[in-house]
file work_28.tsv (TSV, N, CA and C atoms)
chain	number	residue	atom	x	y	z
M	1	MET	N	20.51	-6.46	-19.01
M	1	MET	CA	20.74	-5.92	-17.69
M	1	MET	C	21.90	-6.67	-17.05
M	2	ASN	N	22.49	-6.06	-16.05
M	2	ASN	CA	23.70	-6.64	-15.48
M	2	ASN	C	23.47	-7.11	-14.05
M	3	VAL	N	24.54	-7.55	-13.43
M	3	VAL	CA	24.51	-7.99	-12.05
M	3	VAL	C	24.29	-6.78	-11.15
M	4	ILE	N	23.62	-7.00	-10.02
M	4	ILE	CA	23.33	-5.93	-9.08
M	4	ILE	C	24.63	-5.44	-8.43
M	5	PRO	N	24.89	-4.13	-8.48
M	5	PRO	CA	26.05	-3.60	-7.76
M	5	PRO	C	25.89	-3.88	-6.27
M	6	PRO	N	26.99	-4.03	-5.54
M	6	PRO	CA	26.89	-4.39	-4.12
M	6	PRO	C	26.14	-3.37	-3.26
M	7	ASP	N	26.01	-2.13	-3.71
M	7	ASP	CA	25.31	-1.13	-2.90
M	7	ASP	C	23.81	-1.11	-3.16
M	8	TYR	N	23.28	-1.99	-4.03
M	8	TYR	CA	21.84	-2.13	-4.26
M	8	TYR	C	21.42	-3.49	-3.73
M	9	PRO	N	20.50	-3.53	-2.75
M	9	PRO	CA	20.13	-4.80	-2.12
M	9	PRO	C	19.59	-5.82	-3.15
M	10	PRO	N	20.22	-7.00	-3.27
M	10	PRO	CA	19.82	-7.97	-4.28
M	10	PRO	C	18.42	-8.55	-4.06
M	11	GLY	N	17.91	-8.59	-2.85
M	11	GLY	CA	16.56	-9.09	-2.62
M	11	GLY	C	15.51	-8.14	-3.13
M	12	LEU	N	15.85	-6.88	-3.22
M	12	LEU	CA	14.92	-5.84	-3.66
M	12	LEU	C	15.05	-5.60	-5.16
M	13	PHE	N	16.26	-5.55	-5.66
M	13	PHE	CA	16.53	-5.29	-7.06
M	13	PHE	C	16.94	-6.58	-7.76
M	14	ALA	N	16.23	-6.94	-8.84
M	14	ALA	CA	16.59	-8.12	-9.61
M	14	ALA	C	17.72	-7.80	-10.58
M	15	SER	N	17.70	-6.57	-11.12
M	15	SER	CA	18.75	-6.18	-12.06
M	15	SER	C	18.80	-4.66	-12.17
M	16	THR	N	19.97	-4.17	-12.55
M	16	THR	CA	20.16	-2.75	-12.82
M	16	THR	C	21.08	-2.61	-14.03
M	17	GLU	N	21.00	-1.47	-14.67
M	17	GLU	CA	21.96	-1.13	-15.71
M	17	GLU	C	22.10	0.38	-15.74
M	18	PRO	N	23.29	0.88	-16.03
M	18	PRO	CA	23.47	2.33	-16.08
M	18	PRO	C	22.52	2.96	-17.09
M	19	ASP	N	21.99	4.11	-16.76
M	19	ASP	CA	21.12	4.85	-17.66
M	19	ASP	C	22.00	5.73	-18.56
M	20	ASP	N	21.76	5.68	-19.86
M	20	ASP	CA	22.60	6.42	-20.81
M	20	ASP	C	22.59	7.92	-20.53
M	21	ILE	N	21.42	8.49	-20.30
M	21	ILE	CA	21.34	9.93	-20.01
M	21	ILE	C	22.02	10.23	-18.67
M	22	GLY	N	21.83	9.33	-17.70
M	22	GLY	CA	22.50	9.50	-16.41
M	22	GLY	C	24.00	9.50	-16.54
M	23	LYS	N	24.52	8.68	-17.46
M	23	LYS	CA	25.97	8.66	-17.68
M	23	LYS	C	26.43	9.99	-18.28
M	24	ILE	N	25.69	10.49	-19.26
M	24	ILE	CA	26.06	11.75	-19.91
M	24	ILE	C	26.03	12.90	-18.91
M	25	LEU	N	24.96	12.95	-18.10
M	25	LEU	CA	24.80	14.05	-17.13
M	25	LEU	C	25.57	13.82	-15.84
M	26	GLY	N	26.06	12.61	-15.63
M	26	GLY	CA	26.81	12.31	-14.41
M	26	GLY	C	25.94	12.21	-13.17
M	27	THR	N	24.67	11.81	-13.33
M	27	THR	CA	23.76	11.74	-12.19
M	27	THR	C	23.89	10.46	-11.39
M	28	GLY	N	24.37	9.39	-12.03
M	28	GLY	CA	24.48	8.11	-11.36
M	28	GLY	C	23.20	7.29	-11.37
M	29	PHE	N	22.14	7.80	-12.00
M	29	PHE	CA	20.88	7.05	-12.04
M	29	PHE	C	21.06	5.76	-12.83
M	30	VAL	N	20.39	4.70	-12.37
M	30	VAL	CA	20.40	3.41	-13.04
M	30	VAL	C	18.97	2.98	-13.33
M	31	ARG	N	18.80	2.23	-14.41
M	31	ARG	CA	17.51	1.60	-14.68
M	31	ARG	C	17.46	0.35	-13.82
M	32	PHE	N	16.29	0.05	-13.28
M	32	PHE	CA	16.20	-1.14	-12.45
M	32	PHE	C	14.94	-1.94	-12.75
M	33	VAL	N	15.01	-3.21	-12.43
M	33	VAL	CA	13.84	-4.07	-12.37
M	33	VAL	C	13.89	-4.68	-10.98
M	34	ALA	N	12.81	-4.49	-10.23
M	34	ALA	CA	12.74	-5.06	-8.89
M	34	ALA	C	12.42	-6.54	-8.98
M	35	GLY	N	12.65	-7.24	-7.90
M	35	GLY	CA	12.36	-8.67	-7.85
M	35	GLY	C	10.92	-9.01	-8.16
M	36	ASN	N	10.01	-8.07	-7.93
M	36	ASN	CA	8.58	-8.34	-8.17
M	36	ASN	C	8.08	-7.76	-9.49
M	37	GLY	N	8.98	-7.24	-10.33
M	37	GLY	CA	8.60	-6.77	-11.65
M	37	GLY	C	8.44	-5.27	-11.80
M	38	VAL	N	8.44	-4.51	-10.71
M	38	VAL	CA	8.35	-3.05	-10.80
M	38	VAL	C	9.64	-2.56	-11.45
M	39	GLU	N	9.53	-1.54	-12.32
M	39	GLU	CA	10.68	-1.02	-13.04
M	39	GLU	C	10.82	0.48	-12.79
M	40	GLY	N	12.00	1.02	-13.06
M	40	GLY	CA	12.16	2.46	-12.93
M	40	GLY	C	13.60	2.92	-13.04
M	41	LEU	N	13.80	4.16	-12.59
M	41	LEU	CA	15.12	4.79	-12.52
M	41	LEU	C	15.37	5.20	-11.08
M	42	CYS	N	16.57	4.93	-10.58
M	42	CYS	CA	16.88	5.33	-9.21
M	42	CYS	C	18.38	5.55	-9.07
M	43	VAL	N	18.74	6.16	-7.95
M	43	VAL	CA	20.15	6.31	-7.59
M	43	VAL	C	20.25	6.19	-6.08
M	44	ARG	N	21.29	5.52	-5.64
M	44	ARG	CA	21.56	5.40	-4.21
M	44	ARG	C	22.60	6.44	-3.84
M	45	ARG	N	22.31	7.20	-2.81
M	45	ARG	CA	23.25	8.19	-2.27
M	45	ARG	C	23.39	7.90	-0.78
M	46	ASP	N	24.42	7.16	-0.43
M	46	ASP	CA	24.65	6.70	0.95
M	46	ASP	C	23.44	5.90	1.42
M	47	THR	N	22.71	6.40	2.42
M	47	THR	CA	21.57	5.67	2.98
M	47	THR	C	20.25	6.14	2.39
M	48	THR	N	20.31	6.89	1.29
M	48	THR	CA	19.11	7.43	0.65
M	48	THR	C	18.94	6.80	-0.73
M	49	LEU	N	17.70	6.41	-1.04
M	49	LEU	CA	17.37	5.96	-2.38
M	49	LEU	C	16.47	7.00	-3.01
M	50	GLU	N	16.89	7.53	-4.16
M	50	GLU	CA	16.08	8.51	-4.89
M	50	GLU	C	15.51	7.82	-6.12
M	51	ILE	N	14.19	7.82	-6.23
M	51	ILE	CA	13.51	7.18	-7.35
M	51	ILE	C	12.98	8.28	-8.27
M	52	LEU	N	13.39	8.22	-9.52
M	52	LEU	CA	12.98	9.23	-10.48
M	52	LEU	C	11.79	8.75	-11.31
M	53	ALA	N	11.73	7.46	-11.55
M	53	ALA	CA	10.62	6.90	-12.32
M	53	ALA	C	10.23	5.57	-11.70
M	54	LEU	N	8.94	5.29	-11.69
M	54	LEU	CA	8.42	4.06	-11.10
M	54	LEU	C	7.29	3.57	-11.98
M	55	LEU	N	7.40	2.33	-12.44
M	55	LEU	CA	6.43	1.79	-13.37
M	55	LEU	C	6.11	0.35	-13.00
M	56	THR	N	4.83	0.06	-12.94
M	56	THR	CA	4.39	-1.33	-12.81
M	56	THR	C	3.85	-1.74	-14.17
M	57	PRO	N	4.43	-2.77	-14.80
M	57	PRO	CA	3.93	-3.19	-16.11
M	57	PRO	C	2.42	-3.48	-16.07
M	58	LYS	N	1.75	-3.19	-17.17
M	58	LYS	CA	0.29	-3.25	-17.24
M	58	LYS	C	-0.26	-4.57	-16.73
M	59	GLU	N	0.36	-5.69	-17.11
M	59	GLU	CA	-0.17	-6.99	-16.71
M	59	GLU	C	0.04	-7.29	-15.21
M	60	LYS	N	0.81	-6.45	-14.53
M	60	LYS	CA	1.09	-6.68	-13.11
M	60	LYS	C	0.48	-5.61	-12.21
M	61	ARG	N	-0.32	-4.71	-12.77
M	61	ARG	CA	-0.92	-3.63	-11.98
M	61	ARG	C	-2.02	-4.16	-11.08
M	62	ARG	N	-2.33	-3.37	-10.05
M	62	ARG	CA	-3.42	-3.64	-9.11
M	62	ARG	C	-3.19	-4.94	-8.33
M	63	GLN	N	-1.91	-5.27	-8.09
M	63	GLN	CA	-1.59	-6.48	-7.33
M	63	GLN	C	-0.73	-6.15	-6.11
M	64	GLY	N	-0.56	-4.86	-5.80
M	64	GLY	CA	0.22	-4.47	-4.64
M	64	GLY	C	1.72	-4.50	-4.84
M	65	ARG	N	2.17	-4.61	-6.07
M	65	ARG	CA	3.61	-4.72	-6.32
M	65	ARG	C	4.36	-3.42	-6.03
M	66	CYS	N	3.76	-2.29	-6.37
M	66	CYS	CA	4.40	-1.00	-6.08
M	66	CYS	C	4.52	-0.82	-4.56
M	67	ARG	N	3.45	-1.12	-3.84
M	67	ARG	CA	3.47	-1.02	-2.38
M	67	ARG	C	4.54	-1.95	-1.80
M	68	GLU	N	4.61	-3.18	-2.30
M	68	GLU	CA	5.60	-4.14	-1.83
M	68	GLU	C	7.02	-3.63	-2.09
M	69	PHE	N	7.26	-3.07	-3.28
M	69	PHE	CA	8.58	-2.54	-3.61
M	69	PHE	C	8.93	-1.36	-2.69
M	70	LEU	N	7.99	-0.42	-2.50
M	70	LEU	CA	8.27	0.74	-1.66
M	70	LEU	C	8.50	0.34	-0.20
M	71	ARG	N	7.76	-0.64	0.29
M	71	ARG	CA	8.00	-1.14	1.66
M	71	ARG	C	9.40	-1.74	1.77
M	72	GLY	N	9.81	-2.47	0.74
M	72	GLY	CA	11.17	-3.02	0.74
M	72	GLY	C	12.21	-1.92	0.75
M	73	CYS	N	11.97	-0.85	-0.02
M	73	CYS	CA	12.89	0.29	-0.03
M	73	CYS	C	12.99	0.91	1.37
M	74	CYS	N	11.85	1.03	2.03
M	74	CYS	CA	11.84	1.63	3.37
M	74	CYS	C	12.54	0.74	4.40
M	75	ARG	N	12.56	-0.57	4.17
M	75	ARG	CA	13.31	-1.47	5.06
M	75	ARG	C	14.81	-1.35	4.83
M	76	GLU	N	15.21	-1.14	3.58
M	76	GLU	CA	16.63	-1.16	3.21
M	76	GLU	C	17.34	0.18	3.34
M	77	PHE	N	16.60	1.28	3.28
M	77	PHE	CA	17.22	2.60	3.24
M	77	PHE	C	16.67	3.48	4.36
M	78	GLU	N	17.49	4.42	4.83
M	78	GLU	CA	17.07	5.37	5.86
M	78	GLU	C	16.08	6.39	5.30
M	79	THR	N	16.28	6.78	4.05
M	79	THR	CA	15.44	7.78	3.40
M	79	THR	C	15.11	7.29	2.00
M	80	VAL	N	13.86	7.46	1.60
M	80	VAL	CA	13.43	7.11	0.24
M	80	VAL	C	12.68	8.33	-0.32
M	81	CYS	N	13.11	8.80	-1.49
M	81	CYS	CA	12.46	9.92	-2.16
M	81	CYS	C	11.93	9.45	-3.51
M	82	VAL	N	10.73	9.89	-3.85
M	82	VAL	CA	10.14	9.62	-5.16
M	82	VAL	C	9.84	10.98	-5.78
M	83	TRP	N	10.49	11.28	-6.92
M	83	TRP	CA	10.39	12.60	-7.54
M	83	TRP	C	9.48	12.60	-8.75
M	84	TYR	N	8.94	13.76	-9.08
M	84	TYR	CA	8.10	13.98	-10.27
M	84	TYR	C	6.91	13.01	-10.29
M	85	VAL	N	6.08	13.07	-9.27
M	85	VAL	CA	4.93	12.18	-9.18
M	85	VAL	C	3.73	12.86	-9.85
M	86	ASP	N	3.44	12.45	-11.08
M	86	ASP	CA	2.33	13.03	-11.83
M	86	ASP	C	1.06	12.20	-11.74
M	87	ASN	N	1.18	10.98	-11.28
M	87	ASN	CA	0.04	10.07	-11.20
M	87	ASN	C	-0.71	10.30	-9.89
M	88	PRO	N	-1.98	10.74	-9.93
M	88	PRO	CA	-2.71	11.02	-8.69
M	88	PRO	C	-2.92	9.77	-7.83
M	89	VAL	N	-3.02	8.60	-8.44
M	89	VAL	CA	-3.18	7.37	-7.67
M	89	VAL	C	-1.91	7.10	-6.87
M	90	LEU	N	-0.75	7.25	-7.51
M	90	LEU	CA	0.52	7.06	-6.80
M	90	LEU	C	0.71	8.12	-5.73
M	91	ARG	N	0.32	9.35	-6.03
M	91	ARG	CA	0.44	10.44	-5.06
M	91	ARG	C	-0.33	10.10	-3.77
M	92	ARG	N	-1.58	9.64	-3.91
M	92	ARG	CA	-2.39	9.27	-2.75
M	92	ARG	C	-1.79	8.07	-2.03
M	93	ALA	N	-1.29	7.11	-2.80
M	93	ALA	CA	-0.70	5.92	-2.20
M	93	ALA	C	0.54	6.28	-1.38
M	94	LEU	N	1.40	7.13	-1.92
M	94	LEU	CA	2.61	7.52	-1.18
M	94	LEU	C	2.24	8.17	0.15
M	95	ARG	N	1.23	8.99	0.17
M	95	ARG	CA	0.79	9.60	1.43
M	95	ARG	C	0.30	8.54	2.41
M	96	ARG	N	-0.45	7.56	1.90
M	96	ARG	CA	-0.93	6.47	2.77
M	96	ARG	C	0.24	5.67	3.34
M	97	TYR	N	1.32	5.54	2.57
M	97	TYR	CA	2.48	4.77	3.01
M	97	TYR	C	3.41	5.56	3.92
M	98	GLY	N	3.03	6.80	4.27
M	98	GLY	CA	3.84	7.59	5.19
M	98	GLY	C	4.82	8.55	4.55
M	99	PHE	N	4.78	8.70	3.24
M	99	PHE	CA	5.63	9.67	2.55
M	99	PHE	C	5.01	11.05	2.71
M	100	ARG	N	5.85	12.06	2.78
M	100	ARG	CA	5.34	13.43	2.89
M	100	ARG	C	5.84	14.24	1.70
M	101	PRO	N	5.08	15.28	1.32
M	101	PRO	CA	5.53	16.12	0.20
M	101	PRO	C	6.90	16.72	0.48
M	102	GLU	N	7.71	16.80	-0.54
M	102	GLU	CA	9.08	17.32	-0.42
M	102	GLU	C	9.40	18.13	-1.66
M	103	THR	N	10.14	19.20	-1.49
M	103	THR	CA	10.63	20.00	-2.61
M	103	THR	C	12.12	20.22	-2.42
M	104	THR	N	12.85	20.08	-3.51
M	104	THR	CA	14.28	20.36	-3.50
M	104	THR	C	14.59	21.18	-4.74
M	105	VAL	N	15.84	21.50	-4.94
M	105	VAL	CA	16.26	22.30	-6.10
M	105	VAL	C	17.25	21.46	-6.90
M	106	ASP	N	17.04	21.38	-8.23
M	106	ASP	CA	17.95	20.60	-9.06
M	106	ASP	C	19.21	21.40	-9.38
M	107	CYS	N	20.09	20.80	-10.17
M	107	CYS	CA	21.38	21.43	-10.46
M	107	CYS	C	21.25	22.69	-11.31
M	108	PHE	N	20.07	22.95	-11.87
M	108	PHE	CA	19.84	24.15	-12.66
M	108	PHE	C	19.14	25.24	-11.85
M	109	GLY	N	18.87	24.94	-10.58
M	109	GLY	CA	18.18	25.90	-9.73
M	109	GLY	C	16.67	25.83	-9.81
M	110	ASP	N	16.14	24.83	-10.48
M	110	ASP	CA	14.69	24.68	-10.61
M	110	ASP	C	14.14	23.81	-9.48
M	111	PRO	N	12.94	24.14	-8.99
M	111	PRO	CA	12.35	23.30	-7.94
M	111	PRO	C	11.92	21.94	-8.47
M	112	VAL	N	12.11	20.92	-7.66
M	112	VAL	CA	11.70	19.56	-7.98
M	112	VAL	C	10.78	19.10	-6.86
M	113	HIS	N	9.58	18.65	-7.23
M	113	HIS	CA	8.59	18.23	-6.24
M	113	HIS	C	8.47	16.72	-6.22
M	114	GLY	N	8.24	16.18	-5.05
M	114	GLY	CA	8.08	14.74	-4.91
M	114	GLY	C	7.62	14.40	-3.51
M	115	TYR	N	7.99	13.20	-3.06
M	115	TYR	CA	7.60	12.69	-1.75
M	115	TYR	C	8.80	12.04	-1.09
M	116	ARG	N	8.83	12.13	0.25
M	116	ARG	CA	9.98	11.65	1.02
M	116	ARG	C	9.50	10.85	2.22
M	117	TRP	N	10.22	9.77	2.50
M	117	TRP	CA	9.99	8.94	3.67
M	117	TRP	C	11.30	8.86	4.43
M	118	ASP	N	11.26	9.11	5.74
M	118	ASP	CA	12.45	9.00	6.60
M	118	ASP	C	12.19	8.01	7.71
M	119	ARG	N	13.11	7.06	7.87
M	119	ARG	CA	12.95	6.04	8.92
M	119	ARG	C	12.86	6.67	10.29
M	120	LYS	N	13.64	7.71	10.56
M	120	LYS	CA	13.64	8.31	11.90
M	120	LYS	C	12.27	8.86	12.27
M	121	GLU	N	11.45	9.21	11.29
M	121	GLU	CA	10.10	9.70	11.57
M	121	GLU	C	9.12	8.55	11.83
M	122	HIS	N	9.53	7.33	11.49
M	122	HIS	CA	8.64	6.18	11.64
M	122	HIS	C	9.17	5.16	12.64
M	123	THR	N	10.18	5.55	13.42
M	123	THR	CA	10.74	4.67	14.44
M	123	THR	C	10.35	5.21	15.81
M	124	PRO	N	9.74	4.35	16.64
M	124	PRO	CA	9.31	4.83	17.98
M	124	PRO	C	10.49	5.20	18.86
call {"tool": "encode", "arguments": {"input": "work_28.tsv", "output": "structure tokens"}}
result
Amino acid sequence: MNVIPPDYPPGLFASTEPDDIGKILGTGFVRFVAGNGVEGLCVRRDTTLEILALLTPKEKRRQGRCREFLRGCCREFETVCVWYVDNPVLRRALRRYGFRPETTVDCFGDPVHGYRWDRKEHTP
């Protein structure tokens, strides 16, 4: 893994590296390891972080690391999206953390389902 690009907060991300498929498709997605061990795929688009995959290694599960990472994302970005959420535990957790269901359309015209958090909805 390489040094964190300046547009990815170093306190939140321990390392990133370009994703091979992302390079081929031109999506800009990078593989990441967060400072607390959570791993995944994401891309930053201005003030939005889009997370395509989120994984807590088996030995680090059930310790609040995913929640800690997502809270950090919400502090650093105006909008955080988590796409393709197939895990019912994560789905319930995202709702508890203030994320709402979201649907968008991918570059092929297919619907993509996930969850979205916007700071403006959580700021008094």
call {"tool": "residues_near_point", "arguments": {"input": "work_28.tsv", "point": "(14.5, 7.2, 11.9)", "cutoff": "12 Å", "atoms": "only C-alpha atoms", "output": "ChimeraX atom specification"}}
result
/M:47,74-75,77-80,117-124
call {"tool": "select_by_dssp", "arguments": {"input": "work_28.tsv", "residues": "chain M", "states": "strand (DSSP E or B)", "output": "PyMOL selection string"}}
result
chain M and resi 2+13-18+30-34+39-45+48-55+79-83+100-105+111-118
call {"tool": "atom_distance", "arguments": {"input": "work_28.tsv", "atom1": "atom N of Phe108 of chain M", "atom2": "atom C of Cys66 of chain M"}}
result
29.3 Å
call {"tool": "closest_residue", "arguments": {"input": "work_28.tsv", "among": "M:Ala93, M:Cys107, M:Trp83, M:Leu55", "to": "Val38 of chain M", "atoms": "all atoms listed in the file"}}
result
M:Leu55
call {"tool": "closest_residue", "arguments": {"input": "work_28.tsv", "among": "M:Arg67, M:Gly72, M:Gly35, M:Val85", "to": "Tyr97 of chain M", "atoms": "only C-alpha atoms"}}
result
M:Arg67
call {"tool": "residues_around", "arguments": {"input": "work_28.tsv", "residues": "Arg44 of chain M", "least_positions_apart": "4", "cutoff": "7 Å", "atoms": "all atoms listed in the file", "output": "ChimeraX atom specification"}}
result
/M:7,28-30,48-50
